[in-house]
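Okay, entry-v6.pdb is below, PDB, C-alpha atoms:
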ATOM      1  CA  GLN K   1      45.325  82.551 154.935  1.00  0.00           C
ATOM      2  CA  GLY K   2      45.172  84.474 151.726  1.00  0.00           C
ATOM      3  CA  GLN K   3      46.103  84.244 148.120  1.00  0.00           C
ATOM      4  CA  LEU K   4      49.522  84.223 146.497  1.00  0.00           C
ATOM      5  CA  ALA K   5      50.120  86.818 143.812  1.00  0.00           C
ATOM      6  CA  GLU K   6      53.089  86.892 141.470  1.00  0.00           C
ATOM      7  CA  SER K   7      54.489  89.852 139.622  1.00  0.00           C
ATOM      8  CA  GLY K   8      57.658  90.761 137.784  1.00  0.00           C
ATOM      9  CA  GLY K   9      57.462  88.706 134.623  1.00  0.00           C
ATOM     10  CA  GLY K  10      58.026  90.175 131.215  1.00  0.00           C
ATOM     11  CA  LEU K  11      59.664  89.989 127.815  1.00  0.00           C
ATOM     12  CA  VAL K  12      63.448  90.229 127.886  1.00  0.00           C
ATOM     13  CA  GLN K  13      66.425  89.270 125.774  1.00  0.00           C
ATOM     14  CA  THR K  14      68.975  86.528 126.356  1.00  0.00           C
ATOM     15  CA  GLY K  15      71.352  87.513 129.105  1.00  0.00           C
ATOM     16  CA  ASP K  16      68.963  89.943 130.789  1.00  0.00           C
ATOM     17  CA  SER K  17      67.680  89.756 134.346  1.00  0.00           C
ATOM     18  CA  LEU K  18      64.243  89.769 135.957  1.00  0.00           C
ATOM     19  CA  ARG K  19      62.974  89.473 139.475  1.00  0.00           C
ATOM     20  CA  GLY K  20      59.799  87.583 140.253  1.00  0.00           C
ATOM     21  CA  ASP K  21      57.923  88.660 143.366  1.00  0.00           C
ATOM     22  CA  CYS K  22      55.349  86.637 145.259  1.00  0.00           C
ATOM     23  CA  ALA K  23      53.184  88.430 147.785  1.00  0.00           C
ATOM     24  CA  GLU K  24      51.056  86.356 150.127  1.00  0.00           C
ATOM     25  CA  GLY K  25      47.974  87.841 151.716  1.00  0.00           C
ATOM     26  CA  GLY K  26      46.508  86.992 155.070  1.00  0.00           C
ATOM     27  CA  ARG K  27      48.110  84.934 157.769  1.00  0.00           C
ATOM     28  CA  THR K  28      51.437  83.296 156.973  1.00  0.00           C
ATOM     29  CA  ARG K  29      51.392  79.609 156.234  1.00  0.00           C
ATOM     30  CA  GLU K  30      54.197  78.868 158.689  1.00  0.00           C
ATOM     31  CA  THR K  31      54.340  75.128 158.052  1.00  0.00           C
ATOM     32  CA  TYR K  32      54.563  75.451 154.277  1.00  0.00           C
ATOM     33  CA  GLU K  33      57.659  75.887 152.165  1.00  0.00           C
ATOM     34  CA  ARG K  34      57.616  78.160 149.131  1.00  0.00           C
ATOM     35  CA  CYS K  35      58.354  77.216 145.580  1.00  0.00           C
ATOM     36  CA  TRP K  36      58.694  78.660 142.128  1.00  0.00           C
ATOM     37  CA  PHE K  37      57.228  76.193 139.649  1.00  0.00           C
ATOM     38  CA  GLY K  38      57.778  76.699 135.948  1.00  0.00           C
ATOM     39  CA  LYS K  39      55.511  75.552 133.102  1.00  0.00           C
ATOM     40  CA  ALA K  40      56.979  75.996 129.659  1.00  0.00           C
ATOM     41  CA  PRO K  41      54.829  75.723 126.521  1.00  0.00           C
ATOM     42  CA  GLY K  42      54.435  72.105 125.467  1.00  0.00           C
ATOM     43  CA  LYS K  43      56.448  70.774 128.389  1.00  0.00           C
ATOM     44  CA  GLU K  44      55.717  69.336 131.771  1.00  0.00           C
ATOM     45  CA  GLY K  45      56.110  71.713 134.657  1.00  0.00           C
ATOM     46  CA  GLU K  46      59.087  71.526 136.937  1.00  0.00           C
ATOM     47  CA  LEU K  47      60.190  72.748 140.314  1.00  0.00           C
ATOM     48  CA  VAL K  48      62.569  75.594 139.492  1.00  0.00           C
ATOM     49  CA  SER K  49      63.488  76.653 143.006  1.00  0.00           C
ATOM     50  CA  ALA K  50      62.250  76.319 146.562  1.00  0.00           C
ATOM     51  CA  ILE K  51      62.998  77.820 149.950  1.00  0.00           C
ATOM     52  CA  THR K  52      62.186  76.703 153.445  1.00  0.00           C
ATOM     53  CA  TRP K  53      60.106  79.366 155.091  1.00  0.00           C
ATOM     54  CA  ARG K  54      61.622  79.183 158.544  1.00  0.00           C
ATOM     55  CA  ARG K  55      65.322  78.690 157.840  1.00  0.00           C
ATOM     56  CA  GLY K  56      65.662  79.993 154.303  1.00  0.00           C
ATOM     57  CA  SER K  57      67.393  76.884 152.955  1.00  0.00           C
ATOM     58  CA  ALA K  58      67.255  76.834 149.169  1.00  0.00           C
ATOM     59  CA  TYR K  59      66.895  74.334 146.372  1.00  0.00           C
ATOM     60  CA  TYR K  60      67.595  74.928 142.683  1.00  0.00           C
ATOM     61  CA  ALA K  61      66.977  72.855 139.609  1.00  0.00           C
ATOM     62  CA  ASP K  62      70.187  72.026 137.776  1.00  0.00           C
ATOM     63  CA  SER K  63      69.070  74.169 134.852  1.00  0.00           C
ATOM     64  CA  VAL K  64      69.029  77.376 136.925  1.00  0.00           C
ATOM     65  CA  ARG K  65      71.627  76.784 139.615  1.00  0.00           C
ATOM     66  CA  GLY K  66      74.184  79.577 139.595  1.00  0.00           C
ATOM     67  CA  ARG K  67      71.885  81.935 137.670  1.00  0.00           C
ATOM     68  CA  PHE K  68      68.777  82.191 139.836  1.00  0.00           C
ATOM     69  CA  ALA K  69      68.554  83.152 143.499  1.00  0.00           C
ATOM     70  CA  ILE K  70      65.525  82.603 145.713  1.00  0.00           C
ATOM     71  CA  SER K  71      64.859  84.556 148.872  1.00  0.00           C
ATOM     72  CA  ARG K  72      62.039  85.331 151.250  1.00  0.00           C
ATOM     73  CA  ASP K  73      61.078  88.091 153.643  1.00  0.00           C
ATOM     74  CA  PRO K  74      58.870  86.713 156.404  1.00  0.00           C
ATOM     75  CA  ALA K  75      58.165  90.207 157.714  1.00  0.00           C
ATOM     76  CA  LYS K  76      56.581  91.096 154.370  1.00  0.00           C
ATOM     77  CA  ASN K  77      55.129  87.643 153.783  1.00  0.00           C
ATOM     78  CA  SER K  78      56.876  87.674 150.435  1.00  0.00           C
ATOM     79  CA  MET K  79      59.183  85.570 148.324  1.00  0.00           C
ATOM     80  CA  TYR K  80      61.427  86.509 145.409  1.00  0.00           C
ATOM     81  CA  LEU K  81      63.234  84.882 142.509  1.00  0.00           C
ATOM     82  CA  GLN K  82      66.117  86.807 141.024  1.00  0.00           C
ATOM     83  CA  MET K  83      66.692  85.489 137.525  1.00  0.00           C
ATOM     84  CA  ASN K  84      69.998  86.394 135.926  1.00  0.00           C
ATOM     85  CA  SER K  85      71.641  85.449 132.651  1.00  0.00           C
ATOM     86  CA  LEU K  86      68.274  84.437 131.269  1.00  0.00           C
ATOM     87  CA  LYS K  87      68.162  81.948 128.417  1.00  0.00           C
ATOM     88  CA  SER K  88      65.465  81.211 125.866  1.00  0.00           C
ATOM     89  CA  GLU K  89      64.843  77.888 127.600  1.00  0.00           C
ATOM     90  CA  ASP K  90      63.822  79.802 130.745  1.00  0.00           C
ATOM     91  CA  THR K  91      60.698  80.955 128.909  1.00  0.00           C
ATOM     92  CA  ALA K  92      57.742  79.748 130.970  1.00  0.00           C
ATOM     93  CA  ASP K  93      54.889  80.715 133.220  1.00  0.00           C
ATOM     94  CA  TYR K  94      56.270  80.886 136.740  1.00  0.00           C
ATOM     95  CA  TYR K  95      53.993  80.072 139.631  1.00  0.00           C
ATOM     96  CA  CYS K  96      54.455  80.832 143.283  1.00  0.00           C
ATOM     97  CA  VAL K  97      53.385  77.843 145.328  1.00  0.00           C
ATOM     98  CA  ALA K  98      52.991  77.139 149.025  1.00  0.00           C
ATOM     99  CA  ALA K  99      53.847  73.489 149.406  1.00  0.00           C
ATOM    100  CA  ARG K 100      54.213  70.824 152.045  1.00  0.00           C
ATOM    101  CA  SER K 101      57.221  68.554 152.107  1.00  0.00           C
ATOM    102  CA  SER K 102      56.955  64.783 151.937  1.00  0.00           C
ATOM    103  CA  ASP K 103      58.260  62.621 154.729  1.00  0.00           C
ATOM    104  CA  SER K 104      61.349  61.722 152.709  1.00  0.00           C
ATOM    105  CA  SER K 105      62.848  65.119 151.899  1.00  0.00           C
ATOM    106  CA  ILE K 106      62.178  68.732 152.720  1.00  0.00           C
ATOM    107  CA  PHE K 107      62.345  69.628 149.031  1.00  0.00           C
ATOM    108  CA  ASP K 108      60.210  66.727 147.841  1.00  0.00           C
ATOM    109  CA  PHE K 109      56.725  68.042 147.081  1.00  0.00           C
ATOM    110  CA  GLU K 110      55.766  65.324 144.598  1.00  0.00           C
ATOM    111  CA  TRP K 111      52.997  63.778 146.619  1.00  0.00           C
ATOM    112  CA  ALA K 112      49.237  64.221 146.717  1.00  0.00           C
ATOM    113  CA  GLY K 113      49.322  66.964 149.317  1.00  0.00           C
ATOM    114  CA  GLY K 114      52.496  68.680 148.172  1.00  0.00           C
ATOM    115  CA  TYR K 115      51.812  71.651 145.905  1.00  0.00           C
ATOM    116  CA  GLU K 116      48.751  72.997 147.662  1.00  0.00           C
ATOM    117  CA  TYR K 117      48.325  76.752 147.135  1.00  0.00           C
ATOM    118  CA  TRP K 118      49.081  78.349 143.772  1.00  0.00           C
ATOM    119  CA  GLY K 119      49.315  81.876 142.520  1.00  0.00           C
ATOM    120  CA  GLN K 120      47.970  82.877 139.125  1.00  0.00           C
ATOM    121  CA  GLY K 121      51.407  82.846 137.503  1.00  0.00           C
ATOM    122  CA  THR K 122      53.615  85.386 135.822  1.00  0.00           C
ATOM    123  CA  GLN K 123      54.904  84.975 132.287  1.00  0.00           C
ATOM    124  CA  VAL K 124      58.590  85.180 131.474  1.00  0.00           C
ATOM    125  CA  THR K 125      59.566  85.273 127.820  1.00  0.00           C
ATOM    126  CA  VAL K 126      63.227  85.320 126.830  1.00  0.00           C
ATOM    127  CA  SER K 127      63.946  86.111 123.201  1.00  0.00           C
ATOM    128  CA  SER K 128      67.225  85.139 121.598  1.00  0.00           C
TER
END
Take the structure from the file and write it as structure tokens.
Amino acid sequence: QGQLAESGGGLVQTGDSLRGDCAEGGRTRETYERCWFGKAPGKEGELVSAITWRRGSAYYADSVRGRFAISRDPAKNSMYLQMNSLKSEDTADYYCVAARSSDSSIFDFEWAGGYEYWGQGTQVTVSS
């Protein structure tokens, strides 16, 4: 099982679009879901979006629902985050994470063994 590597960040203006890519090397972590986790300057990080690896079911934070779309391509061992109608408050470092769900919910990763494998992050800056 290899590393996760993000790409696709950048500096854009309000209303623009970006696509974040996450490529995963090595053998697929079949039992892990995939997440995009955002860390904005001076703020606590938050789960932006997540997708179940096997079925492709998606979760979105309220702040991005309707603007962002998560997808995955198991054949390429890759995950994507299409970010549309970007706002200044979307400015953050975005991390690709392989995570394990808690017993209570498939999109609950807030437990000791949840967010397990992290990429190095890609920076998204949205200027107004």
Quiz prompt | Near-Gly10 (chain K) list (10 Å; all atoms listed in the file; drop same-chain fewer than 3 positions) as a ChimeraX atom specification | solution = /K:7,18-20,91,122-126
Would you tabulate, counting all atoms listed in the file, all residues of region 12-69 of chain K that have an atom at most 7 Å from an atom of region 98-118 of chain K, showing the closest pair of atoms and their distance in Å to one decimal, sorted by chain then ascending number, as JSON lines?
{"residue": "K:Tyr32", "atom": "CA", "partner": "K:Arg100", "partner_atom": "CA", "distance": 5.1}
{"residue": "K:Glu33", "atom": "CA", "partner": "K:Ala99", "partner_atom": "CA", "distance": 5.3}
{"residue": "K:Arg34", "atom": "CA", "partner": "K:Ala98", "partner_atom": "CA", "distance": 4.7}
{"residue": "K:Cys35", "atom": "CA", "partner": "K:Ala98", "partner_atom": "CA", "distance": 6.4}
Edge lengths and centre in Å to one decimal, as JSON, of the axis-aligned box that encloses all listed atoms of region 74-82 of chain K with 6 Å added on every side?
{"center_x": 60.6, "center_y": 88.0, "center_z": 149.4, "size_x": 23.0, "size_y": 18.2, "size_z": 28.7}
Self-check item: Shortest interatomic distance to Asn77 (chain K) - which of K:Trp53, K:Gly15, K:Gly121, K:Gly8, counting only C-alpha atoms
Solution: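 Result for the nearest residue to Asn77 (chain K): K:Trp53.
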Exercise. Dump as number ranges by chain all residues having an atom at most 12 Å from (67.7, 74.0, 142.0), computed in the file's coordinates with all atoms listed in the file.
Key: K: 35-38, 46-51, 57-70, 81, 107-108
Would you save the residues from that selection as a PDB file, in the frame of the given file, using C-alpha atoms?
ATOM      1  CA  CYS K  35      58.354  77.216 145.580  1.00  0.00           C
ATOM      2  CA  TRP K  36      58.694  78.660 142.128  1.00  0.00           C
ATOM      3  CA  PHE K  37      57.228  76.193 139.649  1.00  0.00           C
ATOM      4  CA  GLY K  38      57.778  76.699 135.948  1.00  0.00           C
ATOM      5  CA  GLU K  46      59.087  71.526 136.937  1.00  0.00           C
ATOM      6  CA  LEU K  47      60.190  72.748 140.314  1.00  0.00           C
ATOM      7  CA  VAL K  48      62.569  75.594 139.492  1.00  0.00           C
ATOM      8  CA  SER K  49      63.488  76.653 143.006  1.00  0.00           C
ATOM      9  CA  ALA K  50      62.250  76.319 146.562  1.00  0.00           C
ATOM     10  CA  ILE K  51      62.998  77.820 149.950  1.00  0.00           C
ATOM     11  CA  SER K  57      67.393  76.884 152.955  1.00  0.00           C
ATOM     12  CA  ALA K  58      67.255  76.834 149.169  1.00  0.00           C
ATOM     13  CA  TYR K  59      66.895  74.334 146.372  1.00  0.00           C
ATOM     14  CA  TYR K  60      67.595  74.928 142.683  1.00  0.00           C
ATOM     15  CA  ALA K  61      66.977  72.855 139.609  1.00  0.00           C
ATOM     16  CA  ASP K  62      70.187  72.026 137.776  1.00  0.00           C
ATOM     17  CA  SER K  63      69.070  74.169 134.852  1.00  0.00           C
ATOM     18  CA  VAL K  64      69.029  77.376 136.925  1.00  0.00           C
ATOM     19  CA  ARG K  65      71.627  76.784 139.615  1.00  0.00           C
ATOM     20  CA  GLY K  66      74.184  79.577 139.595  1.00  0.00           C
ATOM     21  CA  ARG K  67      71.885  81.935 137.670  1.00  0.00           C
ATOM     22  CA  PHE K  68      68.777  82.191 139.836  1.00  0.00           C
ATOM     23  CA  ALA K  69      68.554  83.152 143.499  1.00  0.00           C
ATOM     24  CA  ILE K  70      65.525  82.603 145.713  1.00  0.00           C
ATOM     25  CA  LEU K  81      63.234  84.882 142.509  1.00  0.00           C
ATOM     26  CA  PHE K 107      62.345  69.628 149.031  1.00  0.00           C
ATOM     27  CA  ASP K 108      60.210  66.727 147.841  1.00  0.00           C
TER      28      ASP K 108
END
Quiz prompt | Atomic separation - CA of Lys87 (chain K) relative to CA of Gly119 (chain K), Å | solution = 23.5 Å
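Distance annotation: of K:Gln82, K:Thr52, K:Thr31, K:Thr14, the residue with the minimal separation from Ser128 (chain K) is K:Thr14; atom set is all atoms listed in the file.
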Self-check item: Top pick for closest residue to Glu89 (chain K), considering K:Gln13, K:Arg54, K:Glu30, K:Asp21 and counting all atoms listed in the file
Solution: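 Residue with the minimum atom-to-atom distance to Glu89 (chain K): K:Gln13.
Using all atoms listed in the file, the smallest distance between any of K:Gly9, K:Gly56, K:Gly25, K:Pro74 and Ala92 (chain K) comes from K:Gly9.
Going from CA of Arg72 (chain K) over to CA of Asn84 (chain K), you cover 17.3 Å.
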Practice problem: Point out the residue among K:Gln3, K:Ser88, K:Gln120, K:Ser71 with the least atom-to-atom distance to Glu24 (chain K), counting all atoms listed in the file. | Solution: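 The answer is K:Gln3, which sits nearest to Glu24 (chain K).
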Self-check item: Computed interatomic separation between CA of Ser85 (chain K) and CA of Ser17 (chain K) (Å)
Solution: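 Pair CA of Ser85 (chain K) / CA of Ser17 (chain K) returns 6.1 Å.
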Self-check item: Which residue of K:Cys22, K:Ala75, K:Ala5, K:Ala40 approaches Asp93 (chain K) most closely, using only C-alpha atoms
Solution: K:Ala40
Supply region 83-94 of chain K as a PDB file, in the frame of the given file, with N, CA, C and O atoms built in where the input has gaps.
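Final file, rebuild_23.pdb:
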ATOM      1  N   MET K  83      66.325  86.292 138.684  1.00  0.00           N
ATOM      2  CA  MET K  83      66.692  85.489 137.525  1.00  0.00           C
ATOM      3  C   MET K  83      67.707  86.258 136.707  1.00  0.00           C
ATOM      4  O   MET K  83      67.380  87.305 136.131  1.00  0.00           O
ATOM      5  N   ASN K  84      68.918  85.753 136.664  1.00  0.00           N
ATOM      6  CA  ASN K  84      69.998  86.394 135.926  1.00  0.00           C
ATOM      7  C   ASN K  84      70.425  85.539 134.745  1.00  0.00           C
ATOM      8  O   ASN K  84      70.137  84.341 134.701  1.00  0.00           O
ATOM      9  N   SER K  85      71.116  86.157 133.822  1.00  0.00           N
ATOM     10  CA  SER K  85      71.641  85.449 132.651  1.00  0.00           C
ATOM     11  C   SER K  85      70.561  84.582 132.011  1.00  0.00           C
ATOM     12  O   SER K  85      70.769  83.391 131.733  1.00  0.00           O
ATOM     13  N   LEU K  86      69.419  85.193 131.772  1.00  0.00           N
ATOM     14  CA  LEU K  86      68.274  84.437 131.269  1.00  0.00           C
ATOM     15  C   LEU K  86      68.555  83.862 129.885  1.00  0.00           C
ATOM     16  O   LEU K  86      69.236  84.478 129.057  1.00  0.00           O
ATOM     17  N   LYS K  87      68.019  82.663 129.676  1.00  0.00           N
ATOM     18  CA  LYS K  87      68.162  81.948 128.417  1.00  0.00           C
ATOM     19  C   LYS K  87      66.778  81.724 127.820  1.00  0.00           C
ATOM     20  O   LYS K  87      65.767  81.767 128.528  1.00  0.00           O
ATOM     21  N   SER K  88      66.752  81.449 126.526  1.00  0.00           N
ATOM     22  CA  SER K  88      65.465  81.211 125.866  1.00  0.00           C
ATOM     23  C   SER K  88      64.733  80.030 126.502  1.00  0.00           C
ATOM     24  O   SER K  88      63.504  80.031 126.584  1.00  0.00           O
ATOM     25  N   GLU K  89      65.485  79.057 126.979  1.00  0.00           N
ATOM     26  CA  GLU K  89      64.843  77.888 127.600  1.00  0.00           C
ATOM     27  C   GLU K  89      64.247  78.194 128.973  1.00  0.00           C
ATOM     28  O   GLU K  89      63.580  77.344 129.559  1.00  0.00           O
ATOM     29  N   ASP K  90      64.475  79.388 129.504  1.00  0.00           N
ATOM     30  CA  ASP K  90      63.822  79.802 130.745  1.00  0.00           C
ATOM     31  C   ASP K  90      62.406  80.310 130.497  1.00  0.00           C
ATOM     32  O   ASP K  90      61.661  80.557 131.452  1.00  0.00           O
ATOM     33  N   THR K  91      62.036  80.483 129.240  1.00  0.00           N
ATOM     34  CA  THR K  91      60.698  80.955 128.909  1.00  0.00           C
ATOM     35  C   THR K  91      59.649  80.016 129.492  1.00  0.00           C
ATOM     36  O   THR K  91      59.666  78.813 129.220  1.00  0.00           O
ATOM     37  N   ALA K  92      58.758  80.558 130.300  1.00  0.00           N
ATOM     38  CA  ALA K  92      57.742  79.748 130.970  1.00  0.00           C
ATOM     39  C   ALA K  92      56.812  80.656 131.752  1.00  0.00           C
ATOM     40  O   ALA K  92      57.103  81.845 131.948  1.00  0.00           O
ATOM     41  N   ASP K  93      55.711  80.084 132.192  1.00  0.00           N
ATOM     42  CA  ASP K  93      54.889  80.715 133.220  1.00  0.00           C
ATOM     43  C   ASP K  93      55.442  80.250 134.565  1.00  0.00           C
ATOM     44  O   ASP K  93      55.603  79.050 134.785  1.00  0.00           O
ATOM     45  N   TYR K  94      55.691  81.191 135.430  1.00  0.00           N
ATOM     46  CA  TYR K  94      56.270  80.886 136.740  1.00  0.00           C
ATOM     47  C   TYR K  94      55.208  81.100 137.810  1.00  0.00           C
ATOM     48  O   TYR K  94      54.599  82.167 137.908  1.00  0.00           O
TER      49      TYR K  94
END
